[in-house]
file final.tsv (TSV, C-alpha atoms)
chain	number	residue	atom	x	y	z
A	1	MET	CA	-32.78	20.69	-24.73
A	2	ARG	CA	-34.77	18.01	-26.50
A	3	THR	CA	-38.15	17.32	-24.98
A	4	ASP	CA	-37.34	13.63	-24.49
A	5	ASP	CA	-34.27	14.58	-22.47
A	6	LEU	CA	-36.35	16.96	-20.42
A	7	ILE	CA	-38.83	14.21	-19.58
A	8	ALA	CA	-36.00	11.90	-18.61
A	9	ARG	CA	-34.53	14.57	-16.37
A	10	LEU	CA	-37.82	15.47	-14.71
A	11	SER	CA	-38.63	11.86	-13.89
A	12	ASP	CA	-35.09	11.09	-12.86
A	13	ASP	CA	-35.39	12.27	-9.29
A	14	LEU	CA	-38.98	12.05	-8.14
A	15	PRO	CA	-39.53	12.45	-4.41
A	16	PRO	CA	-43.07	11.61	-3.22
A	17	VAL	CA	-45.37	14.59	-2.70
A	18	ARG	CA	-47.18	14.97	0.63
A	19	LYS	CA	-50.95	14.84	0.34
A	20	ASP	CA	-51.31	17.97	2.45
A	21	ALA	CA	-48.63	19.94	0.60
A	22	VAL	CA	-50.98	22.72	-0.54
A	23	MET	CA	-52.51	23.11	2.93
A	24	ARG	CA	-49.09	23.33	4.53
A	25	ILE	CA	-47.99	26.08	2.16
A	26	LEU	CA	-51.19	28.05	2.69
A	27	LEU	CA	-51.47	27.63	6.44
A	28	GLY	CA	-47.79	28.37	7.00
A	29	ALA	CA	-47.93	31.63	5.07
A	30	ILE	CA	-51.24	32.66	6.53
A	31	ALA	CA	-50.13	32.07	10.11
A	32	LEU	CA	-47.30	34.47	9.40
A	33	GLY	CA	-49.57	37.01	7.70
A	34	VAL	CA	-52.22	36.97	10.41
A	35	THR	CA	-49.50	37.42	13.02
A	36	GLY	CA	-48.51	40.55	11.11
A	37	SER	CA	-52.12	41.75	11.09
A	38	ILE	CA	-52.40	41.13	14.83
A	39	LEU	CA	-49.22	43.12	15.41
A	40	VAL	CA	-50.63	46.03	13.42
A	41	MET	CA	-53.75	45.93	15.56
A	42	LEU	CA	-51.86	45.56	18.86
A	43	LEU	CA	-49.05	48.06	18.24
A	44	VAL	CA	-50.46	50.62	15.80
A	45	LEU	CA	-54.18	50.66	16.50
A	46	ARG	CA	-54.26	49.27	20.09
A	47	PRO	CA	-57.06	46.99	21.34
A	48	ARG	CA	-60.18	48.74	22.62
A	49	HIS	CA	-59.95	49.70	26.33
A	50	ASP	CA	-63.00	47.74	27.40
A	51	LEU	CA	-62.09	44.58	25.50
A	52	ALA	CA	-62.71	42.29	28.47
A	53	GLU	CA	-66.27	43.50	28.93
A	54	ALA	CA	-66.89	43.72	25.20
A	55	MET	CA	-66.08	40.05	24.78
A	56	THR	CA	-69.45	39.21	26.27
A	57	SER	CA	-71.39	41.71	24.12
A	58	PHE	CA	-73.63	40.78	21.21
A	59	GLY	CA	-72.00	43.39	18.99
A	60	MET	CA	-68.53	41.85	19.42
A	61	TRP	CA	-69.81	38.44	18.48
A	62	THR	CA	-71.68	39.84	15.50
A	63	LYS	CA	-68.40	41.20	14.15
A	64	LEU	CA	-66.46	38.05	14.93
A	65	ALA	CA	-69.05	35.69	13.45
A	66	TYR	CA	-69.51	37.74	10.26
A	67	THR	CA	-65.81	38.18	9.56
A	68	PHE	CA	-64.94	34.62	10.58
A	69	ALA	CA	-67.48	33.15	8.15
A	70	LEU	CA	-66.11	35.32	5.33
A	71	THR	CA	-62.57	34.34	6.29
A	72	GLY	CA	-63.46	30.66	6.13
A	73	PHE	CA	-65.11	30.78	2.72
A	74	GLY	CA	-62.40	33.15	1.55
A	75	PHE	CA	-59.75	30.61	2.54
A	76	TRP	CA	-61.56	27.96	0.54
A	77	LEU	CA	-61.63	30.34	-2.42
A	78	VAL	CA	-57.86	30.85	-2.19
A	79	GLU	CA	-57.22	27.12	-1.92
A	80	ARG	CA	-59.30	26.51	-5.09
A	81	ALA	CA	-57.63	29.43	-6.87
A	82	GLY	CA	-54.22	27.82	-6.37
A	83	ARG	CA	-55.22	24.64	-8.19
A	84	PRO	CA	-55.54	24.61	-11.99
A	85	GLY	CA	-58.92	23.42	-13.26
A	86	ALA	CA	-60.58	23.71	-9.83
A	87	ASP	CA	-63.99	25.33	-9.65
A	88	MET	CA	-64.29	28.47	-7.52
A	89	ALA	CA	-68.07	28.75	-7.85
A	90	LYS	CA	-69.04	26.85	-4.71
A	91	PRO	CA	-67.03	28.87	-2.17
A	92	ALA	CA	-67.95	32.06	-4.04
A	93	LEU	CA	-71.65	31.24	-3.71
A	94	LEU	CA	-71.29	30.36	-0.04
A	95	LEU	CA	-70.08	33.90	0.61
A	96	ALA	CA	-73.71	34.91	0.18
A	97	LEU	CA	-74.60	33.22	3.50
A	98	PRO	CA	-72.81	35.61	5.88
A	99	LEU	CA	-73.85	38.54	3.67
A	100	LEU	CA	-77.50	37.52	3.92
A	101	ALA	CA	-77.17	36.95	7.66
A	102	ILE	CA	-75.70	40.39	8.35
A	103	ALA	CA	-78.29	42.02	6.07
A	104	LEU	CA	-81.07	40.27	7.95
A	105	LEU	CA	-79.68	41.20	11.36
A	106	SER	CA	-79.24	44.81	10.20
A	107	THR	CA	-82.85	44.98	9.07
A	108	ILE	CA	-84.02	43.69	12.44
A	109	GLN	CA	-81.91	46.23	14.35
A	110	MET	CA	-82.96	49.11	12.10
A	111	ASN	CA	-86.61	48.30	12.64
A	112	ALA	CA	-86.40	47.99	16.42
A	113	GLN	CA	-88.69	50.36	18.29
A	114	ASP	CA	-86.20	52.87	19.65
A	115	ALA	CA	-83.70	52.48	16.81
A	116	ASP	CA	-81.62	55.49	15.68
A	117	PRO	CA	-80.93	54.50	12.05
A	118	HIS	CA	-78.27	57.14	11.50
A	119	LEU	CA	-76.28	56.09	14.55
A	120	LEU	CA	-76.71	52.40	13.71
A	121	VAL	CA	-75.17	52.87	10.28
A	122	MET	CA	-72.59	55.58	10.94
A	123	GLY	CA	-71.52	54.73	14.51
A	124	HIS	CA	-68.64	56.93	15.66
A	125	THR	CA	-65.80	55.60	13.53
A	126	SER	CA	-67.30	55.17	10.05
A	127	ARG	CA	-64.74	57.53	8.52
A	128	VAL	CA	-61.74	55.39	9.37
A	129	CYS	CA	-63.23	51.93	9.59
A	130	ALA	CA	-62.85	50.71	5.98
A	131	VAL	CA	-59.34	52.09	5.60
A	132	LEU	CA	-58.17	50.64	8.92
A	133	VAL	CA	-59.65	47.23	8.03
A	134	THR	CA	-57.60	47.32	4.83
A	135	LEU	CA	-54.49	48.46	6.69
A	136	THR	CA	-54.87	45.61	9.18
A	137	ALA	CA	-55.38	43.19	6.28
A	138	LEU	CA	-52.22	44.13	4.36
A	139	PRO	CA	-49.76	41.72	6.07
A	140	THR	CA	-52.20	38.86	5.52
A	141	LEU	CA	-52.71	39.92	1.90
A	142	ALA	CA	-48.97	39.91	1.26
A	143	ALA	CA	-48.57	36.48	2.84
A	144	THR	CA	-51.48	35.04	0.87
A	145	PHE	CA	-50.01	36.32	-2.38
A	146	TRP	CA	-46.69	34.83	-1.45
A	147	ALA	CA	-48.32	31.44	-0.81
A	148	LEU	CA	-50.34	31.57	-4.05
A	149	ARG	CA	-47.21	32.19	-6.04
A	150	SER	CA	-45.83	28.83	-5.05
A	151	LEU	CA	-49.11	27.13	-5.96
A	152	ALA	CA	-50.44	27.37	-9.52
A	153	PRO	CA	-53.06	30.10	-9.96
A	154	THR	CA	-54.19	30.19	-13.60
A	155	ARG	CA	-56.76	33.00	-13.45
A	156	LEU	CA	-54.70	35.69	-11.85
A	157	GLY	CA	-57.31	38.42	-11.44
A	158	LEU	CA	-59.74	36.06	-9.75
A	159	ALA	CA	-57.03	34.49	-7.62
A	160	GLY	CA	-55.85	37.93	-6.51
A	161	ALA	CA	-59.40	39.02	-5.70
A	162	GLY	CA	-59.95	35.79	-3.73
A	163	ALA	CA	-56.75	36.43	-1.79
A	164	GLY	CA	-57.91	40.01	-1.17
A	165	LEU	CA	-61.29	38.88	0.08
A	166	PHE	CA	-59.74	36.33	2.39
A	167	ALA	CA	-57.16	38.79	3.72
A	168	GLY	CA	-59.76	41.56	4.06
A	169	ALA	CA	-62.05	39.30	6.08
A	170	ALA	CA	-59.18	38.08	8.26
A	171	GLY	CA	-58.04	41.68	8.72
A	172	ALA	CA	-61.57	42.71	9.69
A	173	PHE	CA	-61.68	39.87	12.21
A	174	VAL	CA	-58.48	41.14	13.82
A	175	TYR	CA	-59.65	44.76	13.58
A	176	SER	CA	-62.77	43.79	15.58
A	177	PHE	CA	-60.62	43.76	18.73
A	178	HIS	CA	-59.72	47.42	18.21
A	179	CYS	CA	-63.06	48.68	16.92
A	180	PRO	CA	-65.61	49.95	19.47
A	181	GLU	CA	-68.62	49.49	17.19
A	182	GLY	CA	-71.09	46.64	17.43
A	183	ALA	CA	-74.22	47.56	15.48
A	184	ALA	CA	-75.02	45.15	12.65
A	185	PRO	CA	-75.79	47.95	10.11
A	186	PHE	CA	-72.39	49.53	10.80
A	187	ILE	CA	-70.65	46.18	10.30
A	188	ALA	CA	-72.68	45.42	7.19
A	189	VAL	CA	-71.63	48.70	5.58
A	190	TRP	CA	-68.17	49.62	6.81
A	191	TYR	CA	-66.59	46.24	7.49
A	192	SER	CA	-67.88	45.02	4.15
A	193	LEU	CA	-66.49	48.12	2.46
A	194	GLY	CA	-63.05	47.50	3.98
A	195	ILE	CA	-63.15	43.89	2.79
A	196	ALA	CA	-64.30	45.01	-0.66
A	197	LEU	CA	-61.42	47.48	-0.81
A	198	THR	CA	-58.91	44.74	0.01
A	199	THR	CA	-60.59	42.49	-2.58
A	200	ALA	CA	-60.18	45.21	-5.21
A	201	ILE	CA	-56.50	45.65	-4.33
A	202	GLY	CA	-55.98	41.91	-4.64
A	203	GLY	CA	-57.84	41.73	-7.94
A	204	PHE	CA	-55.76	44.57	-9.33
A	205	ALA	CA	-52.44	43.20	-8.07
A	206	GLY	CA	-53.15	39.58	-9.04
A	207	PRO	CA	-52.31	39.74	-12.75
A	208	ARG	CA	-49.15	41.70	-11.93
A	209	LEU	CA	-47.78	39.82	-8.94
A	210	LEU	CA	-49.06	36.27	-9.24
A	211	ARG	CA	-47.41	35.29	-12.53
A	212	TRP	CA	-45.31	32.18	-12.45
B	1	MET	CA	-65.39	12.40	-19.48
B	2	ILE	CA	-62.19	12.49	-21.44
B	3	ALA	CA	-61.01	9.10	-22.67
B	4	GLN	CA	-57.50	9.30	-21.22
B	5	GLU	CA	-58.66	10.52	-17.80
B	6	ALA	CA	-58.52	7.19	-15.94
B	7	GLN	CA	-55.13	6.13	-17.31
B	8	TYR	CA	-53.46	9.51	-16.82
B	9	ARG	CA	-54.92	9.93	-13.36
B	10	ASP	CA	-53.58	6.52	-12.31
B	11	TRP	CA	-50.14	7.45	-13.57
B	12	MET	CA	-50.32	10.82	-11.81
B	13	LEU	CA	-51.33	9.29	-8.49
B	14	ALA	CA	-48.48	6.80	-8.76
B	15	ALA	CA	-46.09	9.61	-9.70
B	16	LEU	CA	-47.14	11.63	-6.66
B	17	MET	CA	-46.09	8.66	-4.56
B	18	GLY	CA	-42.71	8.65	-6.26
B	19	ASP	CA	-43.20	6.16	-9.13
B	20	ALA	CA	-40.75	7.46	-11.76
B	21	GLY	CA	-41.79	4.90	-14.41
B	22	ALA	CA	-45.45	5.95	-14.28
B	23	TYR	CA	-44.37	9.57	-14.34
B	24	ARG	CA	-42.27	9.09	-17.46
B	25	MET	CA	-45.17	7.46	-19.28
B	26	LEU	CA	-47.47	10.23	-18.12
B	27	LEU	CA	-45.17	12.99	-19.34
B	28	ALA	CA	-44.57	11.21	-22.66
B	29	GLY	CA	-48.32	10.87	-23.16
B	30	LEU	CA	-49.04	14.46	-22.23
B	31	THR	CA	-46.26	15.68	-24.52
B	32	ARG	CA	-48.08	14.26	-27.55
B	33	HIS	CA	-51.24	16.24	-26.71
B	34	LEU	CA	-49.37	19.38	-25.75
B	35	ARG	CA	-47.28	19.35	-28.91
B	36	SER	CA	-50.38	19.17	-31.07
B	37	TYR	CA	-52.19	21.75	-28.93
B	38	TYR	CA	-49.45	24.37	-29.15
B	39	ALA	CA	-48.55	23.60	-32.77
B	40	ARG	CA	-52.06	24.61	-33.75
B	41	ARG	CA	-51.81	27.87	-31.80
B	42	LEU	CA	-48.21	29.06	-31.84
B	43	ASP	CA	-45.38	29.40	-34.34
B	44	GLY	CA	-43.14	26.42	-34.93
B	45	GLY	CA	-40.10	27.24	-32.79
B	46	VAL	CA	-42.13	28.72	-29.95
B	47	ALA	CA	-44.51	25.77	-29.81
B	48	GLU	CA	-41.89	23.27	-28.66
B	49	ASP	CA	-40.65	25.76	-26.05
B	50	ALA	CA	-44.20	26.02	-24.77
B	51	VAL	CA	-44.41	22.23	-24.56
B	52	GLN	CA	-41.26	22.13	-22.45
B	53	GLU	CA	-42.34	25.01	-20.25
B	54	THR	CA	-45.65	23.30	-19.62
B	55	LEU	CA	-43.90	20.05	-18.72
B	56	ILE	CA	-41.73	21.93	-16.25
B	57	ALA	CA	-44.79	23.67	-14.82
B	58	ILE	CA	-46.59	20.34	-14.45
B	59	HIS	CA	-43.52	19.02	-12.66
B	60	THR	CA	-42.88	21.90	-10.27
B	61	ARG	CA	-46.58	22.43	-9.45
B	62	ARG	CA	-47.58	18.79	-9.27
B	63	ALA	CA	-48.51	19.12	-5.59
B	64	THR	CA	-51.45	21.33	-6.61
B	65	TYR	CA	-53.24	18.41	-8.25
B	66	ASP	CA	-56.25	17.49	-6.10
B	67	PRO	CA	-57.05	13.77	-6.63
B	68	ALA	CA	-60.74	14.57	-6.05
B	69	LEU	CA	-60.79	16.53	-9.32
B	70	PRO	CA	-60.30	15.41	-12.95
B	71	PHE	CA	-56.63	15.21	-13.86
B	72	THR	CA	-57.23	16.26	-17.46
B	73	ALA	CA	-58.86	19.51	-16.27
B	74	TRP	CA	-55.80	20.20	-14.15
B	75	VAL	CA	-53.43	19.72	-17.08
B	76	TYR	CA	-55.65	21.79	-19.35
B	77	GLY	CA	-55.66	24.59	-16.77
B	78	ILE	CA	-51.86	24.70	-16.88
B	79	ALA	CA	-51.63	24.35	-20.68
B	80	ARG	CA	-54.12	27.19	-21.12
B	81	TYR	CA	-52.24	29.36	-18.65
B	82	LYS	CA	-48.96	28.81	-20.47
B	83	LEU	CA	-50.61	29.55	-23.82
B	84	ILE	CA	-51.96	32.86	-22.51
B	85	ASP	CA	-48.52	33.60	-21.07
B	86	GLU	CA	-46.99	32.99	-24.49
B	87	TYR	CA	-49.56	35.24	-26.20
B	88	ARG	CA	-48.89	37.95	-23.63
B	89	ARG	CA	-45.17	37.74	-24.23
B	90	HIS	CA	-45.75	38.41	-27.91
B	91	LYS	CA	-48.28	41.12	-27.15
B	92	ARG	CA	-51.10	39.19	-28.70
B	93	ARG	CA	-54.53	39.59	-27.24
B	94	ALA	CA	-56.64	36.49	-27.36
B	95	THR	CA	-59.30	34.74	-25.40
B	96	VAL	CA	-58.73	31.11	-24.60
B	97	PRO	CA	-61.73	29.02	-23.58
B	98	LEU	CA	-61.77	28.07	-19.92
B	99	ASP	CA	-63.38	24.69	-20.08
B	100	GLU	CA	-62.03	22.94	-23.14
B	101	ALA	CA	-59.91	20.11	-21.81
B	102	ALA	CA	-61.41	17.96	-24.60
B	103	GLU	CA	-59.71	20.29	-27.05
B	104	LEU	CA	-56.33	19.37	-25.56
B	105	PHE	CA	-56.93	15.65	-25.20
B	106	GLY	CA	-58.88	15.22	-28.42
B	107	HIS	CA	-55.68	15.61	-30.43
B	108	ASP	CA	-52.23	14.22	-30.33
B	109	ASP	CA	-49.37	14.46	-32.74
B	110	ALA	CA	-50.43	11.20	-34.40
B	111	ASN	CA	-53.44	13.08	-35.86
B	112	ASP	CA	-51.02	15.78	-36.80
B	113	ALA	CA	-48.80	13.26	-38.53
B	114	ILE	CA	-51.71	12.31	-40.79
B	115	ALA	CA	-52.40	15.95	-41.54
B	116	LYS	CA	-48.72	16.46	-42.24
B	117	ARG	CA	-48.71	13.53	-44.65
B	118	ASP	CA	-51.55	15.15	-46.60
B	119	VAL	CA	-49.69	18.42	-46.69
B	120	THR	CA	-46.55	16.68	-47.88
B	121	LYS	CA	-48.49	15.09	-50.75
B	122	LEU	CA	-49.80	18.48	-51.70
B	123	LEU	CA	-46.35	20.02	-51.53
B	124	ASP	CA	-45.04	17.45	-54.00
B	125	LYS	CA	-46.89	19.37	-56.69
B	126	LEU	CA	-44.56	22.31	-56.27
B	127	PRO	CA	-41.22	22.63	-58.06
B	128	PRO	CA	-38.42	21.38	-55.74
B	129	ALA	CA	-36.88	24.76	-54.87
B	130	LYS	CA	-40.20	26.28	-53.90
B	131	ARG	CA	-41.23	23.12	-52.11
B	132	GLN	CA	-38.15	23.26	-49.92
B	133	LEU	CA	-38.78	26.89	-49.07
B	134	VAL	CA	-42.42	26.35	-48.12
B	135	LYS	CA	-41.52	23.28	-46.09
B	136	ASP	CA	-38.74	25.10	-44.22
B	137	ILE	CA	-40.77	28.16	-43.35
B	138	LYS	CA	-44.29	26.90	-42.94
B	139	LEU	CA	-43.73	23.43	-41.52
B	140	ASP	CA	-40.33	23.41	-39.85
B	141	GLY	CA	-40.38	26.92	-38.43
B	142	VAL	CA	-37.20	28.14	-40.12
B	143	SER	CA	-37.06	31.95	-39.99
B	144	VAL	CA	-37.34	33.97	-43.17
B	145	ALA	CA	-33.87	35.40	-42.55
B	146	ASP	CA	-32.32	31.93	-42.25
B	147	ALA	CA	-34.12	30.70	-45.34
B	148	ALA	CA	-32.94	33.74	-47.26
B	149	ALA	CA	-29.36	33.15	-46.17
B	150	ARG	CA	-29.57	29.50	-47.13
B	151	THR	CA	-31.00	30.10	-50.61
B	152	GLY	CA	-29.16	33.32	-51.39
B	153	LEU	CA	-32.47	35.10	-52.06
B	154	SER	CA	-33.45	38.35	-50.39
B	155	GLU	CA	-35.87	38.15	-47.48
B	156	SER	CA	-38.66	39.81	-49.40
B	157	ALA	CA	-38.10	37.45	-52.35
B	158	VAL	CA	-38.44	34.51	-49.94
B	159	LYS	CA	-41.69	35.91	-48.56
B	160	VAL	CA	-43.13	36.51	-52.01
B	161	THR	CA	-42.13	33.06	-53.26
B	162	VAL	CA	-43.70	31.33	-50.27
B	163	HIS	CA	-46.83	33.44	-50.51
B	164	ARG	CA	-47.28	32.66	-54.21
B	165	ALA	CA	-46.56	28.99	-53.73
B	166	ILE	CA	-49.19	28.73	-50.99
B	167	LYS	CA	-51.65	30.59	-53.15
B	168	SER	CA	-51.08	28.28	-56.09
B	169	LEU	CA	-51.53	25.28	-53.78
B	170	GLY	CA	-54.81	26.76	-52.59
B	171	GLU	CA	-55.97	27.17	-56.17
B	172	GLY	CA	-54.98	23.59	-56.82
B	173	LEU	CA	-57.16	22.50	-53.91
B	174	GLU	CA	-60.13	24.47	-55.15
B	175	GLU	CA	-59.82	22.95	-58.61
B	176	ARG	CA	-59.62	19.50	-57.09
B	177	ASP	CA	-62.74	20.15	-55.03
B	178	ALA	CA	-64.52	21.58	-58.06
B	179	ASP	CA	-63.70	18.42	-60.05
B	180	ARG	CA	-65.53	16.26	-57.56

call {"tool": "encode", "arguments": {"input": "final.tsv", "output": "structure tokens"}}
result
Amino acid sequence: MRTDDLIARLSDDLPPVRKDAVMRILLGAIALGVTGSILVMLLVLRPRHDLAEAMTSFGMWTKLAYTFALTGFGFWLVERAGRPGADMAKPALLLALPLLAIALLSTIQMNAQDADPHLLVMGHTSRVCAVLVTLTALPTLAATFWALRSLAPTRLGLAGAGAGLFAGAAGAFVYSFHCPEGAAPFIAVWYSLGIALTTAIGGFAGPRLLRW
Amino acid sequence: MIAQEAQYRDWMLAALMGDAGAYRMLLAGLTRHLRSYYARRLDGGVAEDAVQETLIAIHTRRATYDPALPFTAWVYGIARYKLIDEYRRHKRRATVPLDEAAELFGHDDANDAIAKRDVTKLLDKLPPAKRQLVKDIKLDGVSVADAAARTGLSESAVKVTVHRAIKSLGEGLEERDADR
């Protein structure tokens, strides 16, 4: 086809584009993905027995706040990654805030008078934590990839890693309702490791699965 | 700031609201830059395909343009992505600068037309048969096989002829520069 004909054809039928089109694609897919992650937690892992009591504990809110902040900045990262020419530096830098906060809180807890450093870091579930965070994150990761494919990621490795970070953080948030741990050092190490694992998966899969 | 930014952005915003006339002007304008951009980086026949693919990408992904960001950077992001895609398809490894929208919008095929005119002048120095061969293969993107079939020469003879002709043109240029 001649390029002039192509231009004529493309501009022939031009429906208006909604201003929130990108948000709708992302939020729609993510709602689906997070539902999947919640189902994994509810049906495969099961919520912790003492969830009702735990909801008022400091440890629970440490987990929720840390993973929620990462999820938020991660979402922003994904939204930027789907737009050509958009800068990902700002949301990437903001990720340092929750990391600094959890590091600070960990230091405080480790230096408390009757602190047991080994228990604070290793808890009782350190062996499975990172892997289960990643498992919980997988449905969200798949949905985020699916959404990104209908946007326009131009740096596929970065976009995939951003999607992985977002999904890992969202998965960790959901996993918090299963996990009995609450010490900041445990969260700083094992939750972060699970999120890093999901980020690596996303970064690896990005160049393969996000092409358009 | 890139000179065309304001005009193109206006057209894009109108297009996003459904203004087909603005959209047509936008695409026609972008085509001139894209054609020059790809012609300098890809082989003749592939370059025009890349232009069309980029236009289609711009069209199908137009919702991803964020009006808070420069429009030219958005187009460059897509053009760069399609260039890398094209390299990958031909197993070429190359790095393409991330932040060079000026490189895309600094040229259009009007500049190229001037360059082409200079080349045409230079080609006039060649004997007609050779001139035709060089023009077909180097400027119009005719394949060596097609050129060979057309002229009745073997493919390797075509390659050698073109190579020698280009070399003699280069020597001509050096002499001209030395005369100055």

call {"tool": "interface_residues", "arguments": {"input": "final.tsv", "of": "chain B", "to": "chain A", "cutoff": "10 Å", "atoms": "all atoms listed in the file", "output": "PDB file with C-alpha atoms, in the frame of the given file"}}
result
ATOM      1  CA  LEU B  13     -51.330   9.290  -8.490  1.00  0.00           C
ATOM      2  CA  ALA B  14     -48.480   6.800  -8.760  1.00  0.00           C
ATOM      3  CA  ALA B  15     -46.090   9.610  -9.700  1.00  0.00           C
ATOM      4  CA  LEU B  16     -47.140  11.630  -6.660  1.00  0.00           C
ATOM      5  CA  MET B  17     -46.090   8.660  -4.560  1.00  0.00           C
ATOM      6  CA  GLY B  18     -42.710   8.650  -6.260  1.00  0.00           C
ATOM      7  CA  ASP B  19     -43.200   6.160  -9.130  1.00  0.00           C
ATOM      8  CA  ALA B  20     -40.750   7.460 -11.760  1.00  0.00           C
ATOM      9  CA  GLY B  21     -41.790   4.900 -14.410  1.00  0.00           C
ATOM     10  CA  ALA B  22     -45.450   5.950 -14.280  1.00  0.00           C
ATOM     11  CA  TYR B  23     -44.370   9.570 -14.340  1.00  0.00           C
ATOM     12  CA  ARG B  24     -42.270   9.090 -17.460  1.00  0.00           C
ATOM     13  CA  MET B  25     -45.170   7.460 -19.280  1.00  0.00           C
ATOM     14  CA  LEU B  26     -47.470  10.230 -18.120  1.00  0.00           C
ATOM     15  CA  LEU B  27     -45.170  12.990 -19.340  1.00  0.00           C
ATOM     16  CA  ALA B  28     -44.570  11.210 -22.660  1.00  0.00           C
ATOM     17  CA  THR B  31     -46.260  15.680 -24.520  1.00  0.00           C
ATOM     18  CA  GLU B  48     -41.890  23.270 -28.660  1.00  0.00           C
ATOM     19  CA  ASP B  49     -40.650  25.760 -26.050  1.00  0.00           C
ATOM     20  CA  VAL B  51     -44.410  22.230 -24.560  1.00  0.00           C
ATOM     21  CA  GLN B  52     -41.260  22.130 -22.450  1.00  0.00           C
ATOM     22  CA  GLU B  53     -42.340  25.010 -20.250  1.00  0.00           C
ATOM     23  CA  LEU B  55     -43.900  20.050 -18.720  1.00  0.00           C
ATOM     24  CA  ILE B  56     -41.730  21.930 -16.250  1.00  0.00           C
ATOM     25  CA  ALA B  57     -44.790  23.670 -14.820  1.00  0.00           C
ATOM     26  CA  ILE B  58     -46.590  20.340 -14.450  1.00  0.00           C
ATOM     27  CA  HIS B  59     -43.520  19.020 -12.660  1.00  0.00           C
ATOM     28  CA  THR B  60     -42.880  21.900 -10.270  1.00  0.00           C
ATOM     29  CA  ARG B  61     -46.580  22.430  -9.450  1.00  0.00           C
ATOM     30  CA  ARG B  62     -47.580  18.790  -9.270  1.00  0.00           C
ATOM     31  CA  ALA B  63     -48.510  19.120  -5.590  1.00  0.00           C
ATOM     32  CA  THR B  64     -51.450  21.330  -6.610  1.00  0.00           C
ATOM     33  CA  TYR B  65     -53.240  18.410  -8.250  1.00  0.00           C
ATOM     34  CA  ASP B  66     -56.250  17.490  -6.100  1.00  0.00           C
ATOM     35  CA  PRO B  67     -57.050  13.770  -6.630  1.00  0.00           C
ATOM     36  CA  ALA B  68     -60.740  14.570  -6.050  1.00  0.00           C
ATOM     37  CA  LEU B  69     -60.790  16.530  -9.320  1.00  0.00           C
ATOM     38  CA  PRO B  70     -60.300  15.410 -12.950  1.00  0.00           C
ATOM     39  CA  PHE B  71     -56.630  15.210 -13.860  1.00  0.00           C
ATOM     40  CA  THR B  72     -57.230  16.260 -17.460  1.00  0.00           C
ATOM     41  CA  ALA B  73     -58.860  19.510 -16.270  1.00  0.00           C
ATOM     42  CA  TRP B  74     -55.800  20.200 -14.150  1.00  0.00           C
ATOM     43  CA  VAL B  75     -53.430  19.720 -17.080  1.00  0.00           C
ATOM     44  CA  TYR B  76     -55.650  21.790 -19.350  1.00  0.00           C
ATOM     45  CA  GLY B  77     -55.660  24.590 -16.770  1.00  0.00           C
ATOM     46  CA  ILE B  78     -51.860  24.700 -16.880  1.00  0.00           C
ATOM     47  CA  ALA B  79     -51.630  24.350 -20.680  1.00  0.00           C
ATOM     48  CA  ARG B  80     -54.120  27.190 -21.120  1.00  0.00           C
ATOM     49  CA  TYR B  81     -52.240  29.360 -18.650  1.00  0.00           C
ATOM     50  CA  LYS B  82     -48.960  28.810 -20.470  1.00  0.00           C
ATOM     51  CA  ILE B  84     -51.960  32.860 -22.510  1.00  0.00           C
ATOM     52  CA  ASP B  85     -48.520  33.600 -21.070  1.00  0.00           C
ATOM     53  CA  LEU B  98     -61.770  28.070 -19.920  1.00  0.00           C
ATOM     54  CA  ASP B  99     -63.380  24.690 -20.080  1.00  0.00           C
ATOM     55  CA  ALA B 101     -59.910  20.110 -21.810  1.00  0.00           C
TER      56      ALA B 101
END

call {"tool": "atom_distance", "arguments": {"input": "final.tsv", "atom1": "CA of Gly182 (chain A)", "atom2": "CA of Val121 (chain A)"}}
result
10.3 Å

call {"tool": "residues_around", "arguments": {"input": "final.tsv", "residues": "Ala103 (chain A)", "least_positions_apart": "6", "cutoff": "9 Å", "atoms": "all atoms listed in the file", "output": "PyMOL selection string"}}
result
chain A and resi 184-185+188

call {"tool": "atom_distance", "arguments": {"input": "final.tsv", "atom1": "CA of Cys129 (chain A)", "atom2": "CA of Ala205 (chain A)"}}
result
22.5 Å

call {"tool": "residues_around", "arguments": {"input": "final.tsv", "residues": "Thr140 (chain A)", "least_positions_apart": "3", "cutoff": "10 Å", "atoms": "all atoms listed in the file", "output": "count of residues only"}}
result
25
